[in-house]
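Asks: Below is one structure. I have some questions about it.
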Amino acid sequence: MFYDTVVTFADLLDEAQRVAGFLERQCGVRKGDRVLLFMQNSPQFVIAYYGILRANAVVVPINPMNLTREILRYAEDAGASTAIVSQELYTRIEPLLANSVIKSLIVAAYSDYLKRPTTLAVPDFIAAPRMDVSGPGVTLWRDMLASGLKPGP
């Protein structure tokens, strides 16, 4: 449950499969590749985590408090060229895209999973509407899921 919105196991499985398919078919992720995962605890974190594993890749979780230089170190040490990031952290990883360390970047908005009214206090960065982030190598989470790509065996 995410702020009173239920994410079923069936939804998690379906979306993790679509993440894996996109990583393989659009981002060129292969068995053993490292994929950076840079976001707060959220449905997208869990879905991305399992999607990366389903693509036979290795999850490289990054603390959301890390700054650009620290993220660069993770990317270089891991040899990662693909990352999944939440929109409030995008400005910290965007320089790595600009200098081609990261070639494929999926950007998620937490608010995409606020599908039901809630009486809970939702932090501003969670409730923030989806930013229109675009550019070479950048894909919005919503568009990645909409592609409906399925992973290989």
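Residues in the structure tokens are numbered from 1 in each chain, the chains being A, B, ... in the order shown, and ligands are numbered from 1 in the order shown.
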Report as CSV: every residue of stretch 7-52 of chain A with an atom at most 10 Å from stretch 56-76 of chain A, its closest pair of atoms, and their distance in Å to one decimal, counting only C-alpha atoms, with rows sorted by chain and ascending residue number.
Replies:
residue,atom,partner,partner_atom,distance
A:Ala20,CA,A:Asn56,CA,8.5
A:Leu23,CA,A:Ala57,CA,9.3
A:Glu24,CA,A:Asn56,CA,9.2
A:Val29,CA,A:Ala57,CA,7.2
A:Arg30,CA,A:Ala57,CA,6.6
A:Lys31,CA,A:Asn56,CA,4.7
A:Gly32,CA,A:Ala57,CA,4.7
A:Asp33,CA,A:Ala57,CA,5.0
A:Arg34,CA,A:Val58,CA,4.7
A:Val35,CA,A:Val59,CA,5.4
A:Leu36,CA,A:Val60,CA,4.7
A:Leu37,CA,A:Pro61,CA,4.7
A:Phe38,CA,A:Ile62,CA,5.0
A:Met39,CA,A:Pro64,CA,5.7
A:Gln40,CA,A:Pro64,CA,6.3
A:Asn41,CA,A:Pro64,CA,9.6
A:Phe45,CA,A:Pro61,CA,9.4
A:Ala48,CA,A:Val59,CA,8.9
A:Tyr49,CA,A:Val59,CA,6.5
A:Tyr50,CA,A:Val59,CA,8.8
A:Gly51,CA,A:Asn56,CA,8.8
A:Ile52,CA,A:Ala57,CA,5.5
Asks: DSSP on the backbone, then: every residue of stretch 114-152 of chain A marked helix (DSSP H, G or I), written as number ranges by chain.
Replies: A: 124-127, 141-146
Asks: Which is closest to A:Gln87 among A:Val133, A:Leu114, A:Cys27, A:Ala127, if we use only C-alpha atoms?
Replies: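 Smallest separation from A:Gln87 among the options: A:Val133.
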Asks: Quick one: pull the distance between atom CA of A:Leu105 and atom CA of A:Lys150, Å, one decimal.
Replies: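 It comes out at 18.4 Å.
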Asks: Quick one: DSSP strand (DSSP E) residues in stretch 46-121 of chain A, as a VMD selection string?
Replies: chain A and resid 58 to 61 82 to 86 104 to 108
Asks: Residues at most 9 Å from A:Val6, counting only C-alpha atoms, excluding those fewer than 5 positions away in the same chain, as a list in words?
Replies: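 Surrounding residues, per the criterion: Met1, Tyr113, Lys115 and Arg116 of chain A.
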Asks: Nearest to A:Ser42: which of A:Met144, A:Arg92, A:Tyr110, A:Ala10 is it, counting only C-alpha atoms?
Replies: A:Tyr110
Asks: To one decimal in Å, tell me the separation between atom CA of A:Tyr3 and atom CA of A:Thr119.
Replies: 8.5 Å
Asks: I want to know what sits within 10 Å of A:Pro129, based on only C-alpha atoms, with residues of the same chain fewer than 3 positions away left out; could you give that as an MDAnalysis selection string?
Replies: chainID A and resid 87 109:112 124:126 132
Asks: Export, as a CSV table (one decimal), in the first residue's frame, the selected residues with C-alpha atoms.
Replies:
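Once written, again33.csv looks like this:
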chain,number,residue,atom,x,y,z
A,87,GLN,CA,12.2,13.1,-10.6
A,109,ALA,CA,7.2,10.5,-10.6
A,110,TYR,CA,5.9,9.1,-7.2
A,111,SER,CA,2.6,10.8,-7.8
A,112,ASP,CA,1.8,8.3,-10.6
A,124,ASP,CA,5.3,17.6,-1.4
A,125,PHE,CA,7.9,15.6,-3.3
A,126,ILE,CA,5.6,12.6,-3.4
A,132,ASP,CA,8.1,17.0,-18.4
Asks: With a distance cut-off of 12 Å and only C-alpha atoms, select the neighbouring residues of A:Asn99, excluding the residue or stretch itself and same-chain residues fewer than 3 positions from it, and output the selection as a ChimeraX atom specification.
Replies: /A:72,81,93-96,102-103,136-137
Asks: For atom CA of A:Ala83 and atom CA of A:Gln44, determine how far apart the two atoms are, in Å to one decimal place.
Replies: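 Interatomic distance here is 12.9 Å.
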Asks: Rank nothing, just name the residue among A:Ala80, A:Ala121, A:Ala128, A:Ile47 nearest to A:Glu15, using only C-alpha atoms.
Replies: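 Once distances to A:Glu15 are computed over only C-alpha atoms, the minimum belongs to A:Ile47.
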